[in-house]
file structure_24.pdb (PDB, C-alpha atoms, pLDDT in the B column)
MODEL        1
ATOM      1  CA  MET A  45      86.118 -69.442-107.342  1.00 48.00           C
ATOM      2  CA  SER A  46      82.612 -70.898-106.955  1.00 62.00           C
ATOM      3  CA  ASP A  47      81.423 -69.087-110.099  1.00 88.00           C
ATOM      4  CA  VAL A  48      84.057 -70.726-112.300  1.00 95.00           C
ATOM      5  CA  THR A  49      82.759 -73.388-114.697  1.00 96.00           C
ATOM      6  CA  ILE A  50      84.625 -76.204-116.401  1.00 97.00           C
ATOM      7  CA  GLN A  51      83.317 -76.679-119.935  1.00 97.00           C
ATOM      8  CA  VAL A  52      83.952 -80.359-120.618  1.00 98.00           C
ATOM      9  CA  THR A  53      83.839 -81.803-124.116  1.00 98.00           C
ATOM     10  CA  VAL A  54      83.939 -85.602-124.149  1.00 98.00           C
ATOM     11  CA  LEU A  55      84.511 -87.643-127.292  1.00 98.00           C
ATOM     12  CA  ARG A  56      81.998 -90.421-126.738  1.00 98.00           C
ATOM     13  CA  GLN A  57      81.251 -93.753-128.368  1.00 98.00           C
ATOM     14  CA  LYS A  58      78.405 -96.059-127.374  1.00 97.00           C
ATOM     15  CA  ASP A  59      80.158 -99.305-128.311  1.00 96.00           C
ATOM     16  CA  PRO A  60      82.997-100.539-130.557  1.00 96.00           C
ATOM     17  CA  ASP A  61      80.784-100.517-133.648  1.00 96.00           C
ATOM     18  CA  SER A  62      79.175 -97.099-133.135  1.00 96.00           C
ATOM     19  CA  ALA A  63      80.315 -93.767-134.514  1.00 97.00           C
ATOM     20  CA  SER A  64      81.981 -91.336-132.116  1.00 97.00           C
ATOM     21  CA  TYR A  65      80.470 -87.970-131.242  1.00 98.00           C
ATOM     22  CA  GLU A  66      81.220 -85.065-128.930  1.00 98.00           C
ATOM     23  CA  GLU A  67      79.073 -84.196-125.935  1.00 98.00           C
ATOM     24  CA  LEU A  68      79.380 -81.087-123.770  1.00 98.00           C
ATOM     25  CA  PHE A  69      78.961 -80.797-120.022  1.00 98.00           C
ATOM     26  CA  ASP A  70      79.291 -77.908-117.575  1.00 97.00           C
ATOM     27  CA  VAL A  71      80.903 -78.839-114.264  1.00 97.00           C
ATOM     28  CA  PRO A  72      81.311 -76.402-111.343  1.00 96.00           C
ATOM     29  CA  TYR A  73      84.976 -75.839-110.555  1.00 96.00           C
ATOM     30  CA  LYS A  74      86.339 -76.802-107.145  1.00 94.00           C
ATOM     31  CA  PRO A  75      89.898 -76.293-105.905  1.00 93.00           C
ATOM     32  CA  ARG A  76      92.333 -79.178-106.405  1.00 93.00           C
ATOM     33  CA  MET A  77      90.104 -81.038-108.879  1.00 96.00           C
ATOM     34  CA  ASN A  78      91.617 -83.555-111.261  1.00 97.00           C
ATOM     35  CA  VAL A  79      90.148 -85.080-114.416  1.00 98.00           C
ATOM     36  CA  ILE A  80      88.807 -88.065-112.478  1.00 98.00           C
ATOM     37  CA  SER A  81      86.874 -85.814-110.097  1.00 97.00           C
ATOM     38  CA  VAL A  82      85.397 -83.986-113.104  1.00 98.00           C
ATOM     39  CA  LEU A  83      84.250 -87.308-114.569  1.00 98.00           C
ATOM     40  CA  MET A  84      82.780 -88.299-111.210  1.00 97.00           C
ATOM     41  CA  GLU A  85      80.791 -85.050-111.142  1.00 97.00           C
ATOM     42  CA  ILE A  86      79.400 -85.901-114.585  1.00 97.00           C
ATOM     43  CA  GLN A  87      78.632 -89.413-113.385  1.00 97.00           C
ATOM     44  CA  ALA A  88      76.689 -88.036-110.424  1.00 97.00           C
ATOM     45  CA  HIS A  89      74.811 -85.534-112.627  1.00 96.00           C
ATOM     46  CA  PRO A  90      74.797 -86.870-116.222  1.00 97.00           C
ATOM     47  CA  VAL A  91      73.093 -83.881-117.822  1.00 97.00           C
ATOM     48  CA  ASN A  92      74.655 -82.248-120.889  1.00 97.00           C
ATOM     49  CA  THR A  93      74.645 -78.556-121.738  1.00 96.00           C
ATOM     50  CA  LYS A  94      71.389 -79.027-123.669  1.00 96.00           C
ATOM     51  CA  GLY A  95      69.686 -80.067-120.437  1.00 97.00           C
ATOM     52  CA  GLU A  96      69.365 -83.675-121.599  1.00 97.00           C
ATOM     53  CA  LYS A  97      69.902 -86.512-119.152  1.00 97.00           C
ATOM     54  CA  VAL A  98      72.358 -88.894-120.789  1.00 97.00           C
ATOM     55  CA  ALA A  99      74.249 -92.071-119.940  1.00 96.00           C
ATOM     56  CA  PRO A 100      77.195 -91.386-117.597  1.00 96.00           C
ATOM     57  CA  VAL A 101      80.603 -91.246-119.260  1.00 97.00           C
ATOM     58  CA  ALA A 102      82.520 -94.529-119.043  1.00 98.00           C
ATOM     59  CA  TRP A 103      86.211 -94.514-118.131  1.00 98.00           C
ATOM     60  CA  ASP A 104      88.819 -96.748-116.472  1.00 97.00           C
ATOM     61  CA  GLN A 105      90.367 -96.109-113.082  1.00 96.00           C
ATOM     62  CA  ALA A 106      91.817 -98.062-110.178  1.00 95.00           C
ATOM     63  CA  CYS A 107      94.568 -96.740-107.903  1.00 94.00           C
ATOM     64  CA  LEU A 108      94.091 -92.959-108.354  1.00 93.00           C
ATOM     65  CA  GLU A 109      97.809 -92.635-107.495  1.00 93.00           C
ATOM     66  CA  GLU A 110      99.452 -92.846-110.947  1.00 95.00           C
ATOM     67  CA  VAL A 111     100.540 -96.419-110.278  1.00 95.00           C
ATOM     68  CA  CYS A 112      98.107 -98.697-112.140  1.00 95.00           C
ATOM     69  CA  GLY A 113      98.100 -96.878-115.504  1.00 95.00           C
ATOM     70  CA  SER A 114      94.457 -97.677-116.199  1.00 96.00           C
ATOM     71  CA  CYS A 115      93.076 -94.117-116.435  1.00 97.00           C
ATOM     72  CA  THR A 116      95.042 -92.996-119.491  1.00 98.00           C
ATOM     73  CA  VAL A 117      93.125 -90.538-121.691  1.00 98.00           C
ATOM     74  CA  ARG A 118      93.861 -87.654-124.018  1.00 98.00           C
ATOM     75  CA  VAL A 119      93.440 -84.426-122.078  1.00 98.00           C
ATOM     76  CA  ASN A 120      93.300 -81.323-124.276  1.00 97.00           C
ATOM     77  CA  GLY A 121      95.197 -83.224-126.933  1.00 96.00           C
ATOM     78  CA  ARG A 122      97.940 -84.678-124.722  1.00 97.00           C
ATOM     79  CA  VAL A 123      97.930 -88.277-123.536  1.00 98.00           C
ATOM     80  CA  ARG A 124      98.298 -88.574-119.761  1.00 97.00           C
ATOM     81  CA  GLN A 125      96.950 -90.104-116.563  1.00 97.00           C
ATOM     82  CA  ALA A 126      93.563 -88.670-115.635  1.00 98.00           C
ATOM     83  CA  CYS A 127      94.230 -89.106-111.916  1.00 97.00           C
ATOM     84  CA  SER A 128      97.305 -86.865-111.898  1.00 96.00           C
ATOM     85  CA  ALA A 129      95.980 -84.343-114.427  1.00 97.00           C
ATOM     86  CA  LEU A 130      95.073 -81.416-112.185  1.00 97.00           C
ATOM     87  CA  ILE A 131      92.521 -79.055-113.690  1.00 97.00           C
ATOM     88  CA  ASP A 132      94.563 -76.032-112.614  1.00 96.00           C
ATOM     89  CA  ASN A 133      97.426 -77.326-114.783  1.00 96.00           C
ATOM     90  CA  VAL A 134      95.656 -78.750-117.817  1.00 96.00           C
ATOM     91  CA  ALA A 135      92.766 -76.296-118.220  1.00 96.00           C
ATOM     92  CA  PRO A 136      93.968 -72.707-117.647  1.00 93.00           C
ATOM     93  CA  LEU A 137      91.407 -70.174-116.502  1.00 93.00           C
ATOM     94  CA  GLN A 138      89.973 -67.998-119.276  1.00 93.00           C
ATOM     95  CA  GLY A 139      87.649 -65.437-117.713  1.00 93.00           C
ATOM     96  CA  ASN A 140      85.300 -67.561-115.602  1.00 94.00           C
ATOM     97  CA  THR A 141      85.747 -70.695-117.681  1.00 96.00           C
ATOM     98  CA  ARG A 142      88.150 -73.621-117.863  1.00 97.00           C
ATOM     99  CA  ARG A 143      87.924 -75.665-121.058  1.00 97.00           C
ATOM    100  CA  LEU A 144      88.601 -79.392-120.994  1.00 98.00           C
ATOM    101  CA  HIS A 145      88.542 -81.806-123.935  1.00 98.00           C
ATOM    102  CA  LEU A 146      88.662 -85.521-123.098  1.00 98.00           C
ATOM    103  CA  ALA A 147      89.126 -88.284-125.649  1.00 98.00           C
ATOM    104  CA  PRO A 148      90.163 -91.947-125.568  1.00 98.00           C
ATOM    105  CA  MET A 149      93.550 -93.054-126.844  1.00 98.00           C
ATOM    106  CA  SER A 150      93.460 -93.338-130.617  1.00 96.00           C
ATOM    107  CA  LYS A 151      95.959 -96.203-131.041  1.00 95.00           C
ATOM    108  CA  PHE A 152      93.715 -98.737-129.312  1.00 96.00           C
ATOM    109  CA  PRO A 153      90.174 -99.937-130.156  1.00 96.00           C
ATOM    110  CA  THR A 154      87.513 -98.011-128.245  1.00 97.00           C
ATOM    111  CA  VAL A 155      85.260-100.143-126.064  1.00 98.00           C
ATOM    112  CA  ARG A 156      83.042 -97.313-124.858  1.00 98.00           C
ATOM    113  CA  ASP A 157      83.616 -93.578-124.354  1.00 98.00           C
ATOM    114  CA  LEU A 158      87.080 -93.247-122.753  1.00 98.00           C
ATOM    115  CA  VAL A 159      87.582 -96.996-122.257  1.00 98.00           C
ATOM    116  CA  VAL A 160      89.932 -98.696-124.730  1.00 98.00           C
ATOM    117  CA  ASP A 161      91.145-102.237-125.314  1.00 97.00           C
ATOM    118  CA  ARG A 162      94.892-102.413-124.639  1.00 96.00           C
ATOM    119  CA  SER A 163      95.246-106.089-125.582  1.00 95.00           C
ATOM    120  CA  ARG A 164      97.796-105.040-128.200  1.00 92.00           C
ATOM    121  CA  MET A 165     100.243-104.066-125.472  1.00 94.00           C
ATOM    122  CA  PHE A 166      99.817-107.246-123.470  1.00 94.00           C
ATOM    123  CA  GLU A 167     100.146-109.447-126.542  1.00 95.00           C
ATOM    124  CA  ASN A 168     103.455-107.717-127.255  1.00 95.00           C
ATOM    125  CA  LEU A 169     104.597-108.351-123.679  1.00 95.00           C
ATOM    126  CA  LYS A 170     103.868-112.044-124.184  1.00 95.00           C
ATOM    127  CA  LYS A 171     105.731-111.930-127.475  1.00 95.00           C
ATOM    128  CA  ILE A 172     108.920-110.684-125.814  1.00 96.00           C
ATOM    129  CA  GLN A 173     108.504-112.966-122.750  1.00 94.00           C
ATOM    130  CA  ALA A 174     108.308-110.142-120.217  1.00 94.00           C
ATOM    131  CA  TRP A 175     108.880-112.371-117.211  1.00 91.00           C
ATOM    132  CA  ILE A 176     111.600-114.308-115.394  1.00 86.00           C
ATOM    133  CA  PRO A 177     111.164-118.032-116.207  1.00 80.00           C
ATOM    134  CA  ILE A 178     111.405-119.726-112.806  1.00 75.00           C
ATOM    135  CA  ASP A 179     109.022-122.656-112.301  1.00 69.00           C
ATOM    136  CA  GLY A 180     109.055-122.455-108.477  1.00 69.00           C
ATOM    137  CA  THR A 181     108.787-126.218-107.964  1.00 70.00           C
ATOM    138  CA  TYR A 182     112.024-126.471-105.999  1.00 70.00           C
ATOM    139  CA  ASP A 183     114.544-124.304-104.191  1.00 74.00           C
ATOM    140  CA  LEU A 184     117.083-122.926-106.655  1.00 70.00           C
ATOM    141  CA  GLY A 185     119.084-121.229-103.947  1.00 74.00           C
ATOM    142  CA  PRO A 186     119.985-117.548-103.858  1.00 76.00           C
ATOM    143  CA  GLY A 187     119.997-115.746-107.181  1.00 73.00           C
ATOM    144  CA  GLN A 188     122.949-113.909-108.642  1.00 79.00           C
ATOM    145  CA  ARG A 189     123.626-110.508-107.164  1.00 85.00           C
ATOM    146  CA  MET A 190     123.042-107.338-109.148  1.00 87.00           C
ATOM    147  CA  SER A 191     125.254-104.313-108.735  1.00 87.00           C
ATOM    148  CA  GLN A 192     123.749-101.192-107.204  1.00 91.00           C
ATOM    149  CA  LYS A 193     124.129 -99.459-110.566  1.00 89.00           C
ATOM    150  CA  ASP A 194     122.206-102.210-112.386  1.00 89.00           C
ATOM    151  CA  GLN A 195     119.532-102.256-109.685  1.00 92.00           C
ATOM    152  CA  GLN A 196     119.015 -98.534-110.000  1.00 92.00           C
ATOM    153  CA  LEU A 197     118.554 -98.698-113.775  1.00 90.00           C
ATOM    154  CA  ALA A 198     116.332-101.766-113.523  1.00 93.00           C
ATOM    155  CA  TYR A 199     114.107 -99.924-111.061  1.00 95.00           C
ATOM    156  CA  HIS A 200     113.403 -97.218-113.643  1.00 94.00           C
ATOM    157  CA  PHE A 201     112.330 -99.752-116.264  1.00 96.00           C
ATOM    158  CA  SER A 202     110.336-101.786-113.721  1.00 95.00           C
ATOM    159  CA  GLN A 203     108.066 -98.778-113.098  1.00 96.00           C
ATOM    160  CA  CYS A 204     106.346 -99.300-116.470  1.00 97.00           C
ATOM    161  CA  MET A 205     102.620 -99.716-115.778  1.00 96.00           C
ATOM    162  CA  SER A 206     101.541-100.481-119.355  1.00 96.00           C
ATOM    163  CA  CYS A 207      99.521 -97.269-119.371  1.00 97.00           C
ATOM    164  CA  GLY A 208      99.877 -96.891-123.147  1.00 97.00           C
ATOM    165  CA  CYS A 209     101.054 -93.266-123.161  1.00 98.00           C
ATOM    166  CA  CYS A 210     104.213 -94.064-125.117  1.00 97.00           C
ATOM    167  CA  VAL A 211     102.320 -96.158-127.650  1.00 97.00           C
ATOM    168  CA  GLU A 212      99.730 -93.418-128.150  1.00 97.00           C
ATOM    169  CA  ALA A 213     102.430 -90.785-128.720  1.00 97.00           C
ATOM    170  CA  CYS A 214     104.551 -92.922-131.057  1.00 96.00           C
ATOM    171  CA  PRO A 215     104.104 -91.940-134.727  1.00 95.00           C
ATOM    172  CA  GLN A 216     105.279 -95.408-135.812  1.00 95.00           C
ATOM    173  CA  VAL A 217     102.258 -97.071-134.199  1.00 93.00           C
ATOM    174  CA  SER A 218      99.187 -96.951-136.396  1.00 88.00           C
ATOM    175  CA  GLU A 219      96.449 -99.094-137.918  1.00 85.00           C
ATOM    176  CA  LYS A 220      98.829 -99.866-140.776  1.00 85.00           C
ATOM    177  CA  SER A 221     101.724-100.801-138.505  1.00 87.00           C
ATOM    178  CA  ASN A 222     102.353-103.667-136.110  1.00 88.00           C
ATOM    179  CA  PHE A 223     105.339-101.931-134.505  1.00 94.00           C
ATOM    180  CA  ILE A 224     105.869-103.514-131.109  1.00 95.00           C
ATOM    181  CA  GLY A 225     106.186-100.116-129.452  1.00 95.00           C
ATOM    182  CA  PRO A 226     108.522 -98.514-126.899  1.00 96.00           C
ATOM    183  CA  ALA A 227     106.954-100.112-123.808  1.00 96.00           C
ATOM    184  CA  ALA A 228     107.813-103.643-124.934  1.00 96.00           C
ATOM    185  CA  ILE A 229     111.341-102.594-125.929  1.00 97.00           C
ATOM    186  CA  GLY A 230     111.835-101.121-122.455  1.00 97.00           C
ATOM    187  CA  GLN A 231     110.775-104.432-120.939  1.00 97.00           C
ATOM    188  CA  VAL A 232     113.251-106.319-123.129  1.00 97.00           C
ATOM    189  CA  ARG A 233     115.939-104.052-121.698  1.00 96.00           C
ATOM    190  CA  LEU A 234     114.710-104.767-118.152  1.00 96.00           C
ATOM    191  CA  PHE A 235     114.522-108.565-118.362  1.00 96.00           C
ATOM    192  CA  ASN A 236     117.648-109.035-120.469  1.00 95.00           C
ATOM    193  CA  ALA A 237     119.630-107.227-117.771  1.00 93.00           C
ATOM    194  CA  HIS A 238     118.322-109.520-115.024  1.00 91.00           C
ATOM    195  CA  PRO A 239     120.829-112.244-113.992  1.00 89.00           C
ATOM    196  CA  THR A 240     118.259-114.991-114.604  1.00 87.00           C
ATOM    197  CA  GLY A 241     116.468-113.214-117.437  1.00 90.00           C
ATOM    198  CA  LYS A 242     119.714-113.197-119.421  1.00 90.00           C
ATOM    199  CA  LEU A 243     119.240-116.926-119.992  1.00 88.00           C
ATOM    200  CA  ASN A 244     116.436-116.081-122.427  1.00 92.00           C
ATOM    201  CA  ALA A 245     117.963-112.888-123.808  1.00 95.00           C
ATOM    202  CA  ASP A 246     118.396-114.276-127.323  1.00 95.00           C
ATOM    203  CA  GLU A 247     114.735-115.303-127.472  1.00 95.00           C
ATOM    204  CA  ARG A 248     113.654-111.764-126.629  1.00 96.00           C
ATOM    205  CA  LEU A 249     116.076-110.268-129.143  1.00 96.00           C
ATOM    206  CA  GLU A 250     114.757-112.660-131.796  1.00 95.00           C
ATOM    207  CA  ALA A 251     111.207-111.531-131.024  1.00 95.00           C
ATOM    208  CA  ILE A 252     112.032-107.887-131.758  1.00 95.00           C
ATOM    209  CA  SER A 253     114.396-108.452-134.673  1.00 92.00           C
ATOM    210  CA  GLY A 254     111.672-108.611-137.301  1.00 86.00           C
ATOM    211  CA  ASP A 255     110.138-105.866-139.416  1.00 85.00           C
ATOM    212  CA  ASP A 256     107.719-104.915-136.641  1.00 91.00           C
ATOM    213  CA  GLY A 257     110.406-104.817-133.962  1.00 93.00           C
ATOM    214  CA  ILE A 258     113.208-102.452-133.065  1.00 94.00           C
ATOM    215  CA  ALA A 259     113.992-101.672-136.722  1.00 91.00           C
ATOM    216  CA  SER A 260     110.637 -99.909-137.096  1.00 93.00           C
ATOM    217  CA  CYS A 261     111.470 -97.280-134.467  1.00 94.00           C
ATOM    218  CA  GLY A 262     111.802 -93.869-136.099  1.00 92.00           C
ATOM    219  CA  ASN A 263     113.525 -92.311-133.055  1.00 92.00           C
ATOM    220  CA  ALA A 264     110.883 -89.597-132.755  1.00 94.00           C
ATOM    221  CA  GLN A 265     111.458 -89.610-128.965  1.00 95.00           C
ATOM    222  CA  ASN A 266     107.816 -88.775-128.256  1.00 96.00           C
ATOM    223  CA  CYS A 267     107.720 -91.702-125.841  1.00 97.00           C
ATOM    224  CA  VAL A 268     110.017 -90.111-123.278  1.00 96.00           C
ATOM    225  CA  GLN A 269     108.110 -86.836-123.516  1.00 96.00           C
ATOM    226  CA  VAL A 270     104.825 -88.388-122.352  1.00 97.00           C
ATOM    227  CA  CYS A 271     105.942 -91.224-120.055  1.00 97.00           C
ATOM    228  CA  PRO A 272     104.425 -90.448-116.621  1.00 96.00           C
ATOM    229  CA  LYS A 273     107.256 -92.346-114.909  1.00 96.00           C
ATOM    230  CA  ASP A 274     110.112 -90.702-116.828  1.00 96.00           C
ATOM    231  CA  ILE A 275     111.376 -94.110-117.943  1.00 97.00           C
ATOM    232  CA  PRO A 276     114.528 -93.737-120.126  1.00 96.00           C
ATOM    233  CA  LEU A 277     112.902 -95.369-123.147  1.00 96.00           C
ATOM    234  CA  THR A 278     115.239 -93.824-125.720  1.00 96.00           C
ATOM    235  CA  ARG A 279     118.173 -95.325-123.828  1.00 95.00           C
ATOM    236  CA  ALA A 280     116.471 -98.718-123.922  1.00 96.00           C
ATOM    237  CA  ILE A 281     115.810 -98.351-127.662  1.00 96.00           C
ATOM    238  CA  ALA A 282     119.440 -97.425-128.372  1.00 96.00           C
ATOM    239  CA  GLU A 283     120.872-100.255-126.278  1.00 96.00           C
ATOM    240  CA  ILE A 284     118.471-102.899-127.579  1.00 96.00           C
ATOM    241  CA  ASN A 285     119.175-101.714-131.125  1.00 95.00           C
ATOM    242  CA  ARG A 286     122.849-102.401-130.463  1.00 96.00           C
ATOM    243  CA  ASP A 287     122.104-105.763-128.859  1.00 96.00           C
ATOM    244  CA  THR A 288     119.887-106.951-131.715  1.00 95.00           C
ATOM    245  CA  THR A 289     122.545-105.941-134.248  1.00 94.00           C
ATOM    246  CA  ILE A 290     125.179-107.998-132.405  1.00 94.00           C
ATOM    247  CA  TYR A 291     122.711-110.864-132.062  1.00 93.00           C
ATOM    248  CA  ARG A 292     121.915-110.867-135.796  1.00 93.00           C
ATOM    249  CA  ILE A 293     125.599-110.766-136.765  1.00 93.00           C
ATOM    250  CA  LYS A 294     126.385-113.704-134.475  1.00 91.00           C
ATOM    251  CA  LYS A 295     123.396-115.610-135.816  1.00 88.00           C
ATOM    252  CA  TRP A 296     124.537-114.959-139.397  1.00 90.00           C
ATOM    253  CA  LEU A 297     128.016-116.197-138.514  1.00 91.00           C
ATOM    254  CA  GLY A 298     126.531-119.278-136.878  1.00 84.00           C
ATOM    255  CA  LYS A 299     127.816-118.466-133.414  1.00 74.00           C
TER
ENDMDL
END
call {"tool": "encode", "arguments": {"input": "structure_24.pdb", "output": "structure tokens"}}
result
Amino acid sequence: MSDVTIQVTVLRQKDPDSASYEELFDVPYKPRMNVISVLMEIQAHPVNTKGEKVAPVAWDQACLEEVCGSCTVRVNGRVRQACSALIDNVAPLQGNTRRLHLAPMSKFPTVRDLVVDRSRMFENLKKIQAWIPIDGTYDLGPGQRMSQKDQQLAYHFSQCMSCGCCVEACPQVSEKSNFIGPAAIGQVRLFNAHPTGKLNADERLEAISGDDGIASCGNAQNCVQVCPKDIPLTRAIAEINRDTTIYRIKKWLGK
């Protein structure tokens, strides 16, 4: 397989204010390569197909184990983690060539090349208070017990790594929309089910009861199709939709 070449097209951007452009690279194929290893080959030899030496491609990475969520990119049109995107799976062999197109997520501002600013997601997590409010200044004693069933469901939602895949795939998220997105709704479901988190459940439901909250979800279900952790986001959306409806009715009745 040493004669197989990966033709890599990267959608590049010098800085947030520059126009984007495509640049082509040829990378020799090696068994068991992933997208990160392809980018590292380009970094080691930053020469495009025109023979020009160029600036290495910029991208984010950390754990390389599909845990941190930092290496999210669009690979041949599908948003996914670059570390777990094996070339054999995402770029089928055509003759002696594998074609790979890499682009940054489109729902977030581009910082440079494949690096994006995901502040939007973290601001939404602050908005819905995605934490358990314990000050830690004194011993509160043992917390309330959770059933095994609740623990198991909570574990699924706790695996969210804020990678942005669900936000990128959601048709309701755009430059014209401030929709809070499926990731934040999943975290509302997680923390409102926690024995201590329930104390602030109404505050979280209030935060997603506006026009840019749960009501803006179009139920496209793209989020569950691309989530690398198979988090049951549509279940969270359905249950939080029910909870916000009950919350609004009680609020209207003054209860």
call {"tool": "resolve_selection", "arguments": {"input": "structure_24.pdb", "expression": "the PyMOL selection byres ((chain A and resi 173) around 10)", "output": "count of residues only"}}
result
20
call {"tool": "residues_around", "arguments": {"input": "structure_24.pdb", "residues": "segment 49-57 of chain A", "least_positions_apart": "5", "cutoff": "8 Å", "atoms": "only C-alpha atoms", "output": "VMD selection string"}}
result
chain A and resid 62 to 73 101 140 to 148 154 to 158
call {"tool": "resolve_selection", "arguments": {"input": "structure_24.pdb", "expression": "the PyMOL selection byres ((chain A and resi 124) around 10)", "output": "list of chain:residue names"}}
result
A:Glu110, A:Gly113, A:Cys115, A:Thr116, A:Val117, A:Arg118, A:Val119, A:Asn120, A:Gly121, A:Arg122, A:Val123, A:Gln125, A:Ala126, A:Cys127, A:Ser128, A:Ala129, A:Met149, A:Cys207, A:Gly208, A:Cys209, A:Cys210, A:Glu212, A:Val270, A:Cys271, A:Pro272
call {"tool": "residues_near_point", "arguments": {"input": "structure_24.pdb", "point": "(112.1, -117.4, -110.8)", "cutoff": "12 Å", "atoms": "only C-alpha atoms", "output": "number ranges by chain"}}
result
A: 175-188, 235, 238-241, 243
call {"tool": "closest_residue", "arguments": {"input": "structure_24.pdb", "among": "A:Gln265, A:Glu250, A:Ile275, A:Ile258", "to": "Ala198 of chain A", "atoms": "only C-alpha atoms"}}
result
A:Ile275
call {"tool": "atom_distance", "arguments": {"input": "structure_24.pdb", "atom1": "atom CA of Leu277 of chain A", "atom2": "atom CA of Gly230 of chain A"}}
result
5.9 Å
call {"tool": "atom_distance", "arguments": {"input": "structure_24.pdb", "atom1": "atom CA of Cys214 of chain A", "atom2": "atom CA of Gln269 of chain A"}}
result
10.3 Å
call {"tool": "axis_aligned_box", "arguments": {"input": "structure_24.pdb", "around": "segment 272-288 of chain A", "padding_each_side": "6 Å", "output": "JSON"}}
result
{"center_x": 113.6, "center_y": -98.7, "center_z": -123.3, "size_x": 30.4, "size_y": 28.5, "size_z": 28.8}
call {"tool": "atom_distance", "arguments": {"input": "structure_24.pdb", "atom1": "atom CA of Met190 of chain A", "atom2": "atom CA of Ala237 of chain A"}}
result
9.3 Å
call {"tool": "closest_residue", "arguments": {"input": "structure_24.pdb", "among": "A:Thr288, A:Asn92, A:Asn266, A:Gln105", "to": "Pro215 of chain A", "atoms": "only C-alpha atoms"}}
result
A:Asn266
call {"tool": "resolve_selection", "arguments": {"input": "structure_24.pdb", "expression": "the PyMOL selection byres ((chain A and resi 86) around 10)", "output": "list in words"}}
result
Val52, Phe69, Asp70, Val71, Ile80, Ser81, Val82, Leu83, Met84, Glu85, Gln87, Ala88, His89, Pro90, Val91, Asn92, Val98, Ala99, Pro100 and Val101 of chain A
call {"tool": "closest_residue", "arguments": {"input": "structure_24.pdb", "among": "A:Asp132, A:Glu219, A:Asp104, A:Asp287", "to": "Phe152 of chain A", "atoms": "only C-alpha atoms"}}
result
A:Glu219
call {"tool": "residues_around", "arguments": {"input": "structure_24.pdb", "residues": "Leu197 of chain A", "least_positions_apart": "4", "cutoff": "10 Å", "atoms": "all atoms listed in the file", "output": "NGL selection string"}}
result
:A and (192-193 or 201-202 or 233-234 or 237 or 275-276)
call {"tool": "closest_residue", "arguments": {"input": "structure_24.pdb", "among": "A:Lys151, A:Arg162, A:Lys273, A:Arg189", "to": "Cys204 of chain A", "atoms": "only C-alpha atoms"}}
result
A:Lys273
call {"tool": "residues_near_point", "arguments": {"input": "structure_24.pdb", "point": "(101.7, -101.8, -138.4)", "cutoff": "12 Å", "atoms": "only C-alpha atoms", "output": "list in words"}}
result
Lys151, Arg164, Cys214, Pro215, Gln216, Val217, Ser218, Glu219, Lys220, Ser221, Asn222, Phe223, Ile224, Gly225, Asp255, Asp256, Gly257, Ser260 and Cys261 of chain A
call {"tool": "closest_residue", "arguments": {"input": "structure_24.pdb", "among": "A:Lys295, A:Ala280, A:Pro226, A:Val160", "to": "Gly262 of chain A", "atoms": "only C-alpha atoms"}}
result
A:Pro226
call {"tool": "decode", "arguments": {"input": "structure_24.pdb", "residues": "segment 191-199 of chain A", "atoms": "N, CA, C and O atoms", "output": "PDB file, in the first residue's frame"}}
result
ATOM      1  N   SER A 191     -30.860   6.254  42.299  1.00  0.00           N
ATOM      2  CA  SER A 191     -31.120   4.866  41.921  1.00  0.00           C
ATOM      3  C   SER A 191     -30.155   4.446  40.820  1.00  0.00           C
ATOM      4  O   SER A 191     -29.591   5.288  40.114  1.00  0.00           O
ATOM      5  N   GLN A 192     -29.966   3.140  40.684  1.00  0.00           N
ATOM      6  CA  GLN A 192     -29.077   2.630  39.645  1.00  0.00           C
ATOM      7  C   GLN A 192     -29.561   3.054  38.262  1.00  0.00           C
ATOM      8  O   GLN A 192     -28.756   3.382  37.374  1.00  0.00           O
ATOM      9  N   LYS A 193     -30.869   3.089  38.090  1.00  0.00           N
ATOM     10  CA  LYS A 193     -31.454   3.488  36.806  1.00  0.00           C
ATOM     11  C   LYS A 193     -31.117   4.938  36.495  1.00  0.00           C
ATOM     12  O   LYS A 193     -30.718   5.275  35.379  1.00  0.00           O
ATOM     13  N   ASP A 194     -31.259   5.828  37.502  1.00  0.00           N
ATOM     14  CA  ASP A 194     -30.951   7.241  37.298  1.00  0.00           C
ATOM     15  C   ASP A 194     -29.461   7.446  37.073  1.00  0.00           C
ATOM     16  O   ASP A 194     -29.054   8.292  36.270  1.00  0.00           O
ATOM     17  N   GLN A 195     -28.639   6.695  37.781  1.00  0.00           N
ATOM     18  CA  GLN A 195     -27.188   6.790  37.595  1.00  0.00           C
ATOM     19  C   GLN A 195     -26.788   6.417  36.177  1.00  0.00           C
ATOM     20  O   GLN A 195     -25.932   7.066  35.567  1.00  0.00           O
ATOM     21  N   GLN A 196     -27.411   5.363  35.679  1.00  0.00           N
ATOM     22  CA  GLN A 196     -27.062   4.889  34.341  1.00  0.00           C
ATOM     23  C   GLN A 196     -27.407   5.925  33.281  1.00  0.00           C
ATOM     24  O   GLN A 196     -26.617   6.187  32.360  1.00  0.00           O
ATOM     25  N   LEU A 197     -28.573   6.563  33.407  1.00  0.00           N
ATOM     26  CA  LEU A 197     -28.971   7.582  32.443  1.00  0.00           C
ATOM     27  C   LEU A 197     -28.098   8.828  32.590  1.00  0.00           C
ATOM     28  O   LEU A 197     -27.678   9.426  31.597  1.00  0.00           O
ATOM     29  N   ALA A 198     -27.812   9.197  33.835  1.00  0.00           N
ATOM     30  CA  ALA A 198     -26.969  10.365  34.076  1.00  0.00           C
ATOM     31  C   ALA A 198     -25.581  10.164  33.480  1.00  0.00           C
ATOM     32  O   ALA A 198     -24.968  11.124  32.974  1.00  0.00           O
ATOM     33  N   TYR A 199     -25.084   8.944  33.526  1.00  0.00           N
ATOM     34  CA  TYR A 199     -23.757   8.674  32.965  1.00  0.00           C
ATOM     35  C   TYR A 199     -23.719   8.992  31.473  1.00  0.00           C
ATOM     36  O   TYR A 199     -22.752   9.582  30.982  1.00  0.00           O
TER      37      TYR A 199
END
